[in-house]
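Comments concern the structure below.
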Amino acid sequence: MARREREHASPWEPLRSSVAYWNTFSRTASIWWTRREGMAAIEVSRQARLIALVEYARQHSPFYREAYAHFPGPGLAATALSVQDLPVVTKQALMARFDDWVTDPAVTRVDVDAFLADKRAVGKRYLDRYVLWQSSGSTGEPGIYVQDADALATYDALIAVQAGAARLAPKYTMGVLASGGRAALIAATEDHFASIAMWKRAAHDSPWVEARGFSVMQPLPELVAELNAYRPAFLASYPTTLALLADEQAAGRLSIRPAAVWSGGESLAPATCATIERAFGCTVANEYGASECMSIAFGCREGWLHVNADWVLLEPVDRDYRPTPPGEPSHTVLLTNLVNRVQPIIRYDLGDSVVAKAQPCACGNPLPAIQVEGRCDDVVSLRAENGSTIRLLPIALTTVVEEAASVHRFQIVQDAPDRLLVRLGQCPHHNRRTTWHSAESALKDYLARQSLSNVRVTLDSSAPVTDSRSGKLRQVIVAGHAARQRPHSAPTRRDNRPGR
Ligand SMILES: [Zn+2]
């Protein structure tokens, strides 16, 4: 069920709101001015930010102090620091030493786990100054991310700059006036995922905007009815959800007139983008982000993603972390988030395969352009008892299993019109039998709520099978669908998604 987002406003909220608003506003202005100066100015500020971040991490994070022990003492600015001199870090290594990774000793894993266990606290301040979220663990390893005020203001500002560049703002303003400024996020709203946490935090900080989160877990007809009643001016979700809603709109069951649509968290194929734009009669803003950095790049009309190179460093590399030349798909990509100080992300193996554009982009944007090869999950179409076809979102299916069975490495395969196979990876905390029973009963409950009690759910003896070409795990697949290659945007379920 959709829930009201604005609740429990404290007497300090108006003050905090204006401070947050001012932070975002001034950062928006500074990004705009730097970018106006061109790539040379962007590179200068990026290098200054990198040096400052590395110094800060070394002083305040025991993890990075050890990792950078061989560098000369304070004053990195004096040395010509190149990012390629720094060691690569992985999620596994950082999560294993969470308390040493963060730069604020008040942030501890025990404390953070307790905060995340409270599902009513999604998007609320931790220690009165940070926002927390966790990744879904679709790569088999869940991560926990702490964001400081500066990082949040920068993510907001990057979106504001983008909206301005895409000339979304005037049209959006008109839509806001027409629809009372209502914004709708359709996401996995039940847990501390990045998208809903950012959204709730923004709704808290900007009480003049009416924002509501809608759950992807509810049956499609219910979601459509709620959106028809709400009439949002701004619609944000994953591309699979938006594509499904575009079909509902084209069929006349959904009847909304958003002024802008925002897509994130999964790959957005050009054809899907066109379908969504046609159905809703407005522009789709496509963002590539991750739980580790909410706003990495933004889509342009030429089908490329332009990296926010003033705040993000992205290095396409091969298996041995050597640079991949432009035009060739990388094995992975190293991410440096230049703004978030509380939990530094410096040369972090993100796992995505990207292709950097060799020539300047025809759209005229000087920021480096990339395409990201996402792992695309399939929308399953199941046959109900009465013969009708009911489509289910992959994110809803994976959330059901993750929440119920606390398992992160698994795969759901539709191999018949009325059957789902589940493949389980290693189950670290429970035995396989217990994990399977929890997953099975949660899936059956969920299917029953979608009028699909007739669908069989079976445990497959084989382990999850990774895509032979990309080496990545697609969590929801329809047997017989060829592994689709969609160059374009973010991988599935990063949850930043509207972010992964
Ligand atoms: Zn472009």
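Labels used: A, B, ... for chains in the order of the structure tokens, numbers from 1 for residues in each chain, and numbers from 1 for ligands as shown.
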Mind checking DSSP for stretch 99-290 of chain A and telling me the alpha helix (DSSP H) residues as a tab-separated table (two decimals) with N, CA, C and O atoms, in the first residue's frame?
chain	number	residue	atom	x	y	z
A	99	ASP	N	33.91	-0.57	10.56
A	99	ASP	CA	34.22	0.45	11.58
A	99	ASP	C	35.52	1.19	11.28
A	99	ASP	O	35.68	2.35	11.68
A	100	ASP	N	36.46	0.52	10.60
A	100	ASP	CA	37.72	1.16	10.22
A	100	ASP	C	37.59	1.95	8.92
A	100	ASP	O	38.39	2.83	8.62
A	101	TRP	N	36.60	1.59	8.11
A	101	TRP	CA	36.38	2.24	6.82
A	101	TRP	C	35.83	3.66	7.03
A	101	TRP	O	36.30	4.63	6.43
A	109	ARG	N	29.25	-0.39	13.13
A	109	ARG	CA	28.46	-1.41	12.45
A	109	ARG	C	27.29	-1.89	13.32
A	109	ARG	O	26.16	-2.04	12.83
A	110	VAL	N	27.55	-2.05	14.59
A	110	VAL	CA	26.51	-2.53	15.52
A	110	VAL	C	25.35	-1.55	15.55
A	110	VAL	O	24.17	-1.91	15.43
A	111	ASP	N	25.70	-0.29	15.66
A	111	ASP	CA	24.72	0.79	15.72
A	111	ASP	C	23.93	0.92	14.41
A	111	ASP	O	22.71	1.09	14.40
A	112	VAL	N	24.67	0.84	13.31
A	112	VAL	CA	24.08	0.96	11.98
A	112	VAL	C	23.10	-0.19	11.72
A	112	VAL	O	22.00	0.00	11.22
A	113	ASP	N	23.50	-1.41	12.10
A	113	ASP	CA	22.62	-2.56	11.93
A	113	ASP	C	21.32	-2.38	12.71
A	113	ASP	O	20.24	-2.71	12.23
A	114	ALA	N	21.42	-1.83	13.92
A	114	ALA	CA	20.23	-1.61	14.75
A	114	ALA	C	19.31	-0.58	14.07
A	114	ALA	O	18.09	-0.75	14.02
A	115	PHE	N	19.91	0.47	13.51
A	115	PHE	CA	19.13	1.51	12.82
A	115	PHE	C	18.41	0.91	11.61
A	115	PHE	O	17.23	1.15	11.37
A	116	LEU	N	19.14	0.09	10.83
A	116	LEU	CA	18.57	-0.48	9.60
A	116	LEU	C	17.49	-1.51	9.91
A	116	LEU	O	16.63	-1.78	9.07
A	117	ALA	N	17.53	-2.09	11.10
A	117	ALA	CA	16.53	-3.08	11.46
A	117	ALA	C	15.16	-2.44	11.65
A	117	ALA	O	14.13	-3.10	11.55
A	149	ALA	N	25.87	15.13	4.71
A	149	ALA	CA	25.01	16.21	4.20
A	149	ALA	C	25.53	16.77	2.87
A	149	ALA	O	24.76	17.08	1.97
A	150	ASP	N	26.86	16.86	2.76
A	150	ASP	CA	27.46	17.38	1.54
A	150	ASP	C	27.16	16.48	0.35
A	150	ASP	O	26.87	16.95	-0.75
A	151	ALA	N	27.24	15.17	0.59
A	151	ALA	CA	26.97	14.21	-0.49
A	151	ALA	C	25.51	14.32	-0.93
A	151	ALA	O	25.21	14.38	-2.12
A	152	LEU	N	24.61	14.40	0.02
A	152	LEU	CA	23.18	14.46	-0.31
A	152	LEU	C	22.87	15.73	-1.09
A	152	LEU	O	22.14	15.69	-2.09
A	153	ALA	N	23.47	16.86	-0.65
A	153	ALA	CA	23.22	18.13	-1.35
A	153	ALA	C	23.77	18.05	-2.78
A	153	ALA	O	23.17	18.60	-3.71
A	154	THR	N	24.90	17.36	-2.95
A	154	THR	CA	25.50	17.26	-4.29
A	154	THR	C	24.66	16.37	-5.21
A	154	THR	O	24.46	16.70	-6.38
A	155	TYR	N	24.16	15.23	-4.70
A	155	TYR	CA	23.30	14.38	-5.54
A	155	TYR	C	22.07	15.17	-5.99
A	155	TYR	O	21.68	15.12	-7.15
A	156	ASP	N	21.48	15.92	-5.05
A	156	ASP	CA	20.31	16.74	-5.40
A	156	ASP	C	20.68	17.77	-6.46
A	156	ASP	O	19.94	17.99	-7.41
A	157	ALA	N	21.84	18.41	-6.25
A	157	ALA	CA	22.25	19.48	-7.16
A	157	ALA	C	22.55	18.93	-8.55
A	157	ALA	O	22.23	19.57	-9.56
A	158	LEU	N	23.15	17.74	-8.62
A	158	LEU	CA	23.46	17.15	-9.93
A	158	LEU	C	22.17	16.91	-10.71
A	158	LEU	O	22.11	17.12	-11.92
A	159	ILE	N	21.14	16.48	-10.00
A	159	ILE	CA	19.85	16.27	-10.65
A	159	ILE	C	19.26	17.61	-11.10
A	159	ILE	O	18.74	17.74	-12.20
A	160	ALA	N	19.40	18.63	-10.23
A	160	ALA	CA	18.85	19.95	-10.56
A	160	ALA	C	19.54	20.53	-11.80
A	160	ALA	O	18.89	21.07	-12.69
A	161	VAL	N	20.89	20.38	-11.86
A	161	VAL	CA	21.65	20.88	-13.01
A	161	VAL	C	21.18	20.16	-14.28
A	161	VAL	O	20.97	20.76	-15.33
A	162	GLN	N	21.01	18.84	-14.14
A	162	GLN	CA	20.58	18.04	-15.28
A	162	GLN	C	19.20	18.44	-15.76
A	162	GLN	O	18.94	18.55	-16.95
A	163	ALA	N	18.30	18.64	-14.81
A	163	ALA	CA	16.94	19.04	-15.16
A	163	ALA	C	16.97	20.37	-15.90
A	163	ALA	O	16.25	20.56	-16.89
A	164	GLY	N	17.87	21.27	-15.46
A	164	GLY	CA	18.00	22.57	-16.11
A	164	GLY	C	18.54	22.42	-17.52
A	164	GLY	O	18.01	22.98	-18.48
A	165	ALA	N	19.58	21.56	-17.66
A	165	ALA	CA	20.21	21.36	-18.97
A	165	ALA	C	19.23	20.74	-19.95
A	165	ALA	O	19.21	21.06	-21.13
A	168	LEU	N	14.02	20.60	-18.55
A	168	LEU	CA	12.87	19.97	-17.92
A	168	LEU	C	12.19	20.99	-17.02
A	168	LEU	O	10.99	20.94	-16.82
A	169	ALA	N	12.99	21.92	-16.48
A	169	ALA	CA	12.48	22.77	-15.42
A	169	ALA	C	11.22	23.55	-15.80
A	169	ALA	O	10.23	23.47	-15.10
A	170	PRO	N	11.23	24.29	-16.93
A	170	PRO	CA	10.02	25.08	-17.22
A	170	PRO	C	8.79	24.19	-17.40
A	170	PRO	O	7.72	24.48	-16.88
A	171	LYS	N	8.99	23.06	-18.11
A	171	LYS	CA	7.87	22.17	-18.36
A	171	LYS	C	7.40	21.56	-17.04
A	171	LYS	O	6.22	21.41	-16.77
A	172	TYR	N	8.39	21.23	-16.21
A	172	TYR	CA	8.05	20.63	-14.93
A	172	TYR	C	7.27	21.63	-14.07
A	172	TYR	O	6.29	21.29	-13.43
A	173	THR	N	7.72	22.90	-14.11
A	173	THR	CA	7.03	23.93	-13.33
A	173	THR	C	5.58	24.02	-13.76
A	173	THR	O	4.68	24.10	-12.93
A	174	MET	N	5.37	23.97	-15.07
A	174	MET	CA	3.99	24.02	-15.57
A	174	MET	C	3.20	22.82	-15.04
A	174	MET	O	2.07	22.94	-14.58
A	175	GLY	N	3.83	21.66	-15.11
A	175	GLY	CA	3.17	20.44	-14.65
A	175	GLY	C	2.89	20.49	-13.16
A	175	GLY	O	1.84	20.04	-12.69
A	176	VAL	N	3.84	21.09	-12.43
A	176	VAL	CA	3.68	21.22	-10.99
A	176	VAL	C	2.46	22.08	-10.69
A	176	VAL	O	1.63	21.75	-9.85
A	177	LEU	N	2.35	23.17	-11.43
A	177	LEU	CA	1.21	24.07	-11.22
A	177	LEU	C	-0.10	23.35	-11.55
A	177	LEU	O	-1.08	23.46	-10.84
A	178	ALA	N	-0.05	22.57	-12.64
A	178	ALA	CA	-1.27	21.88	-13.07
A	178	ALA	C	-1.65	20.75	-12.13
A	178	ALA	O	-2.82	20.48	-11.90
A	179	SER	N	-0.65	20.07	-11.57
A	179	SER	CA	-0.94	18.88	-10.77
A	179	SER	C	-0.64	19.05	-9.30
A	179	SER	O	-0.51	18.08	-8.57
A	194	ALA	N	18.41	2.68	-1.34
A	194	ALA	CA	18.86	4.04	-1.60
A	194	ALA	C	17.75	4.93	-2.15
A	194	ALA	O	17.57	6.07	-1.71
A	195	SER	N	16.98	4.41	-3.11
A	195	SER	CA	15.99	5.26	-3.77
A	195	SER	C	14.95	5.78	-2.79
A	195	SER	O	14.70	6.97	-2.71
A	196	ILE	N	14.39	4.89	-2.01
A	196	ILE	CA	13.31	5.32	-1.11
A	196	ILE	C	13.88	6.14	0.05
A	196	ILE	O	13.26	7.10	0.51
A	197	ALA	N	15.12	5.83	0.46
A	197	ALA	CA	15.73	6.60	1.54
A	197	ALA	C	15.97	8.04	1.08
A	197	ALA	O	15.67	9.01	1.79
A	198	MET	N	16.51	8.21	-0.15
A	198	MET	CA	16.74	9.56	-0.71
A	198	MET	C	15.41	10.29	-0.84
A	198	MET	O	15.30	11.47	-0.57
A	199	TRP	N	14.41	9.57	-1.29
A	199	TRP	CA	13.10	10.15	-1.56
A	199	TRP	C	12.44	10.64	-0.28
A	199	TRP	O	11.94	11.75	-0.21
A	200	LYS	N	12.46	9.80	0.74
A	200	LYS	CA	11.84	10.18	2.01
A	200	LYS	C	12.60	11.34	2.64
A	200	LYS	O	12.01	12.22	3.24
A	201	ARG	N	13.93	11.30	2.49
A	201	ARG	CA	14.73	12.38	3.05
A	201	ARG	C	14.40	13.69	2.33
A	201	ARG	O	14.21	14.72	2.95
A	202	ALA	N	14.25	13.63	1.00
A	202	ALA	CA	13.92	14.84	0.23
A	202	ALA	C	12.53	15.35	0.62
A	202	ALA	O	12.32	16.56	0.76
A	203	ALA	N	11.60	14.43	0.81
A	203	ALA	CA	10.24	14.85	1.17
A	203	ALA	C	10.24	15.53	2.54
A	203	ALA	O	9.53	16.50	2.77
A	204	HIS	N	11.10	15.03	3.41
A	204	HIS	CA	11.24	15.61	4.74
A	204	HIS	C	11.82	17.01	4.68
A	204	HIS	O	11.40	17.91	5.38
A	205	ASP	N	12.86	17.16	3.81
A	205	ASP	CA	13.57	18.43	3.71
A	205	ASP	C	12.81	19.47	2.89
A	205	ASP	O	13.09	20.65	2.96
A	220	LEU	N	-0.53	-4.93	-10.07
A	220	LEU	CA	-0.54	-3.83	-11.04
A	220	LEU	C	-1.86	-3.06	-11.08
A	220	LEU	O	-1.84	-1.82	-11.08
A	221	PRO	N	-3.03	-3.73	-11.09
A	221	PRO	CA	-4.29	-2.97	-11.13
A	221	PRO	C	-4.45	-2.01	-9.94
A	221	PRO	O	-4.94	-0.91	-10.10
A	222	GLU	N	-3.94	-2.45	-8.76
A	222	GLU	CA	-4.02	-1.58	-7.57
A	222	GLU	C	-3.12	-0.36	-7.73
A	222	GLU	O	-3.50	0.76	-7.41
A	223	LEU	N	-1.91	-0.62	-8.23
A	223	LEU	CA	-0.95	0.47	-8.44
A	223	LEU	C	-1.52	1.49	-9.43
A	223	LEU	O	-1.46	2.70	-9.23
A	224	VAL	N	-2.11	0.98	-10.52
A	224	VAL	CA	-2.69	1.84	-11.55
A	224	VAL	C	-3.82	2.69	-10.95
A	224	VAL	O	-3.89	3.90	-11.17
A	225	ALA	N	-4.66	2.07	-10.14
A	225	ALA	CA	-5.78	2.81	-9.53
A	225	ALA	C	-5.27	3.91	-8.61
A	225	ALA	O	-5.78	5.03	-8.62
A	226	GLU	N	-4.22	3.59	-7.84
A	226	GLU	CA	-3.67	4.59	-6.91
A	226	GLU	C	-3.03	5.76	-7.66
A	226	GLU	O	-3.17	6.91	-7.26
A	227	LEU	N	-2.33	5.45	-8.76
A	227	LEU	CA	-1.71	6.52	-9.55
A	227	LEU	C	-2.77	7.39	-10.22
A	227	LEU	O	-2.63	8.61	-10.31
A	228	ASN	N	-3.85	6.76	-10.70
A	228	ASN	CA	-4.95	7.53	-11.30
A	228	ASN	C	-5.54	8.51	-10.30
A	228	ASN	O	-5.87	9.64	-10.63
A	229	ALA	N	-5.64	8.07	-9.05
A	229	ALA	CA	-6.22	8.93	-8.01
A	229	ALA	C	-5.24	10.04	-7.61
A	229	ALA	O	-5.63	11.16	-7.31
A	230	TYR	N	-3.94	9.72	-7.64
A	230	TYR	CA	-2.92	10.66	-7.15
A	230	TYR	C	-2.55	11.73	-8.20
A	230	TYR	O	-2.22	12.84	-7.88
A	239	PRO	N	13.13	1.31	-15.13
A	239	PRO	CA	12.61	1.21	-16.51
A	239	PRO	C	11.60	0.08	-16.71
A	239	PRO	O	10.63	0.27	-17.43
A	240	THR	N	11.80	-1.08	-16.05
A	240	THR	CA	10.84	-2.18	-16.24
A	240	THR	C	9.45	-1.75	-15.74
A	240	THR	O	8.44	-2.06	-16.36
A	241	THR	N	9.42	-1.03	-14.62
A	241	THR	CA	8.15	-0.58	-14.06
A	241	THR	C	7.53	0.48	-14.98
A	241	THR	O	6.33	0.44	-15.27
A	242	LEU	N	8.37	1.41	-15.44
A	242	LEU	CA	7.87	2.48	-16.31
A	242	LEU	C	7.32	1.90	-17.62
A	242	LEU	O	6.30	2.36	-18.14
A	243	ALA	N	8.01	0.88	-18.15
A	243	ALA	CA	7.55	0.26	-19.40
A	243	ALA	C	6.20	-0.41	-19.20
A	243	ALA	O	5.30	-0.31	-20.05
A	244	LEU	N	6.04	-1.05	-18.06
A	244	LEU	CA	4.77	-1.71	-17.75
A	244	LEU	C	3.67	-0.66	-17.62
A	244	LEU	O	2.56	-0.84	-18.13
A	245	LEU	N	3.98	0.45	-16.96
A	245	LEU	CA	2.99	1.52	-16.78
A	245	LEU	C	2.68	2.21	-18.11
A	245	LEU	O	1.55	2.66	-18.34
A	246	ALA	N	3.69	2.29	-19.00
A	246	ALA	CA	3.45	2.89	-20.33
A	246	ALA	C	2.43	2.05	-21.09
A	246	ALA	O	1.55	2.59	-21.77
A	247	ASP	N	2.53	0.72	-20.96
A	247	ASP	CA	1.55	-0.16	-21.61
A	247	ASP	C	0.15	0.08	-21.03
A	247	ASP	O	-0.84	0.10	-21.76
A	248	GLU	N	0.08	0.25	-19.72
A	248	GLU	CA	-1.22	0.50	-19.06
A	248	GLU	C	-1.80	1.84	-19.53
A	248	GLU	O	-3.00	1.97	-19.75
A	249	GLN	N	-0.91	2.82	-19.70
A	249	GLN	CA	-1.35	4.14	-20.15
A	249	GLN	C	-1.86	4.05	-21.60
A	249	GLN	O	-2.91	4.59	-21.94
A	250	ALA	N	-1.10	3.31	-22.45
A	250	ALA	CA	-1.50	3.17	-23.85
A	250	ALA	C	-2.83	2.43	-23.97
A	250	ALA	O	-3.63	2.71	-24.86
A	270	PRO	N	17.04	2.23	-25.65
A	270	PRO	CA	16.48	3.34	-26.42
A	270	PRO	C	15.02	3.10	-26.82
A	270	PRO	O	14.19	4.01	-26.75
A	271	ALA	N	14.69	1.86	-27.20
A	271	ALA	CA	13.31	1.57	-27.62
A	271	ALA	C	12.34	1.72	-26.45
A	271	ALA	O	11.23	2.25	-26.61
A	272	THR	N	12.78	1.26	-25.27
A	272	THR	CA	11.93	1.38	-24.08
A	272	THR	C	11.71	2.84	-23.74
A	272	THR	O	10.60	3.27	-23.41
A	273	CYS	N	12.80	3.61	-23.84
A	273	CYS	CA	12.73	5.05	-23.56
A	273	CYS	C	11.70	5.71	-24.47
A	273	CYS	O	10.84	6.48	-24.02
A	274	ALA	N	11.75	5.36	-25.76
A	274	ALA	CA	10.82	5.95	-26.73
A	274	ALA	C	9.38	5.57	-26.41
A	274	ALA	O	8.47	6.40	-26.50
A	275	THR	N	9.17	4.31	-26.03
A	275	THR	CA	7.81	3.85	-25.69
A	275	THR	C	7.26	4.63	-24.50
A	275	THR	O	6.10	5.06	-24.50
A	276	ILE	N	8.10	4.83	-23.49
A	276	ILE	CA	7.66	5.54	-22.28
A	276	ILE	C	7.35	7.00	-22.62
A	276	ILE	O	6.33	7.55	-22.21
A	277	GLU	N	8.22	7.61	-23.42
A	277	GLU	CA	8.01	9.02	-23.79
A	277	GLU	C	6.73	9.19	-24.60
A	277	GLU	O	5.98	10.14	-24.42
A	278	ARG	N	6.50	8.24	-25.51
A	278	ARG	CA	5.29	8.31	-26.34
A	278	ARG	C	4.03	8.17	-25.47
A	278	ARG	O	3.08	8.93	-25.60
A	279	ALA	N	4.07	7.21	-24.56
A	279	ALA	CA	2.88	6.94	-23.75
A	279	ALA	C	2.53	8.13	-22.85
A	279	ALA	O	1.37	8.46	-22.69
A	280	PHE	N	3.56	8.75	-22.26
A	280	PHE	CA	3.28	9.81	-21.28
A	280	PHE	C	3.40	11.22	-21.87
A	280	PHE	O	3.10	12.20	-21.21
message: Please return as number ranges by chain the residues found within 7 Å of ligand 1, counting only C-alpha atoms and all ligand atoms.
response: A: 300-306, 361-365, 369
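The space separating atom CA of A:Leu452 from atom CA of A:Asp418 comes to 8.5 Å.
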Go through stretch 180-247 of chain A residue by residue and, counting only C-alpha atoms, keep those with an atom at most 10 Å from stretch 430-446 of chain A; for each kept residue give the shortest atom pair and its distance in Å to one decimal, ordered by chain and increasing number, as CSV.
residue,atom,partner,partner_atom,distance
A:Met217,CA,A:Tyr446,CA,8.3
A:Gln218,CA,A:Tyr446,CA,9.0
A:Pro219,CA,A:Tyr446,CA,9.4
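The residue set within 7 Å of A:Tyr145, counting only C-alpha atoms and dropping same-chain residues fewer than 5 places from it, reads Leu132, Trp133, Gln134, Ser291 and Glu292 of chain A.
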Given the selection you just returned, output its residues as a file containing all heavy atoms, formatted as a PDB file, in the first residue's frame.
ATOM      1  N   LEU A 132      21.307   6.663   5.770  1.00  0.00           N
ATOM      2  CA  LEU A 132      21.849   5.316   5.551  1.00  0.00           C
ATOM      3  C   LEU A 132      21.024   4.573   4.527  1.00  0.00           C
ATOM      4  O   LEU A 132      19.811   4.757   4.465  1.00  0.00           O
ATOM      5  CB  LEU A 132      21.736   4.478   6.831  1.00  0.00           C
ATOM      6  CG  LEU A 132      22.508   4.844   8.070  1.00  0.00           C
ATOM      7  CD1 LEU A 132      22.274   3.754   9.121  1.00  0.00           C
ATOM      8  CD2 LEU A 132      23.983   4.931   7.754  1.00  0.00           C
ATOM      9  N   TRP A 133      21.662   3.709   3.755  1.00  0.00           N
ATOM     10  CA  TRP A 133      20.924   2.729   2.975  1.00  0.00           C
ATOM     11  C   TRP A 133      21.777   1.507   2.760  1.00  0.00           C
ATOM     12  O   TRP A 133      22.973   1.501   3.009  1.00  0.00           O
ATOM     13  CB  TRP A 133      20.423   3.302   1.652  1.00  0.00           C
ATOM     14  CG  TRP A 133      21.422   3.949   0.749  1.00  0.00           C
ATOM     15  CD1 TRP A 133      22.440   3.352   0.080  1.00  0.00           C
ATOM     16  CD2 TRP A 133      21.448   5.349   0.387  1.00  0.00           C
ATOM     17  NE1 TRP A 133      23.101   4.293  -0.677  1.00  0.00           N
ATOM     18  CE2 TRP A 133      22.515   5.509  -0.513  1.00  0.00           C
ATOM     19  CE3 TRP A 133      20.681   6.457   0.721  1.00  0.00           C
ATOM     20  CZ2 TRP A 133      22.830   6.752  -1.074  1.00  0.00           C
ATOM     21  CZ3 TRP A 133      20.991   7.685   0.159  1.00  0.00           C
ATOM     22  CH2 TRP A 133      22.051   7.826  -0.726  1.00  0.00           C
ATOM     23  N   GLN A 134      21.113   0.449   2.312  1.00  0.00           N
ATOM     24  CA  GLN A 134      21.852  -0.778   2.032  1.00  0.00           C
ATOM     25  C   GLN A 134      21.556  -1.176   0.595  1.00  0.00           C
ATOM     26  O   GLN A 134      20.520  -0.815   0.053  1.00  0.00           O
ATOM     27  CB  GLN A 134      21.458  -1.881   3.010  1.00  0.00           C
ATOM     28  CG  GLN A 134      19.971  -2.190   3.006  1.00  0.00           C
ATOM     29  CD  GLN A 134      19.541  -2.992   4.241  1.00  0.00           C
ATOM     30  OE1 GLN A 134      20.346  -3.315   5.094  1.00  0.00           O
ATOM     31  NE2 GLN A 134      18.274  -3.300   4.311  1.00  0.00           N
ATOM     32  N   SER A 291      24.376   2.538  -5.279  1.00  0.00           N
ATOM     33  CA  SER A 291      24.290   2.809  -3.845  1.00  0.00           C
ATOM     34  C   SER A 291      25.553   3.523  -3.366  1.00  0.00           C
ATOM     35  O   SER A 291      25.527   4.285  -2.417  1.00  0.00           O
ATOM     36  CB  SER A 291      24.136   1.503  -3.069  1.00  0.00           C
ATOM     37  OG  SER A 291      22.901   0.908  -3.371  1.00  0.00           O
ATOM     38  N   GLU A 292      26.676   3.282  -4.062  1.00  0.00           N
ATOM     39  CA  GLU A 292      27.962   3.858  -3.675  1.00  0.00           C
ATOM     40  C   GLU A 292      28.080   5.322  -4.089  1.00  0.00           C
ATOM     41  O   GLU A 292      28.935   6.050  -3.602  1.00  0.00           O
ATOM     42  CB  GLU A 292      29.103   3.075  -4.321  1.00  0.00           C
ATOM     43  CG  GLU A 292      29.260   1.654  -3.802  1.00  0.00           C
ATOM     44  CD  GLU A 292      28.326   0.637  -4.478  1.00  0.00           C
ATOM     45  OE1 GLU A 292      27.416   1.070  -5.228  1.00  0.00           O
ATOM     46  OE2 GLU A 292      28.513  -0.570  -4.257  1.00  0.00           O
TER      47      GLU A 292
END
- prompt: Out of A:Val312, A:Arg449, A:Ala384, A:Ala416, which residue has the shortest atom-to-atom distance to A:Ile42 when counting only C-alpha atoms?
  reply: A:Val312
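Within stretch 238-295 of chain A, residues classed as strand (DSSP E or B) by DSSP on backbone coordinates are Ala260, Val261, Trp262, Ser263, Gly264, Val284, Ala285, Asn286, Glu287, Tyr288, Gly289, Ala290, Cys293, Met294 and Ser295 of chain A.
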Can I get the selection written as an mmCIF file, in the first residue's frame, with C-alpha atoms?
data_model
loop_
_atom_site.group_PDB
_atom_site.id
_atom_site.type_symbol
_atom_site.label_atom_id
_atom_site.label_comp_id
_atom_site.auth_asym_id
_atom_site.auth_seq_id
_atom_site.Cartn_x
_atom_site.Cartn_y
_atom_site.Cartn_z
ATOM 1 C CA ALA A 260 8.559 14.583 -16.406
ATOM 2 C CA VAL A 261 9.523 10.947 -15.907
ATOM 3 C CA TRP A 262 12.733 9.855 -14.206
ATOM 4 C CA SER A 263 14.295 6.457 -14.849
ATOM 5 C CA GLY A 264 17.084 4.876 -12.827
ATOM 6 C CA VAL A 284 12.402 10.657 -19.719
ATOM 7 C CA ALA A 285 15.450 11.620 -17.659
ATOM 8 C CA ASN A 286 17.788 8.618 -17.460
ATOM 9 C CA GLU A 287 20.228 8.464 -14.572
ATOM 10 C CA TYR A 288 23.030 6.000 -13.908
ATOM 11 C CA GLY A 289 23.714 5.710 -10.220
ATOM 12 C CA ALA A 290 24.650 3.180 -7.574
ATOM 13 C CA CYS A 293 27.245 7.121 -5.522
ATOM 14 C CA MET A 294 23.697 8.133 -6.266
ATOM 15 C CA SER A 295 24.407 10.189 -9.363
#
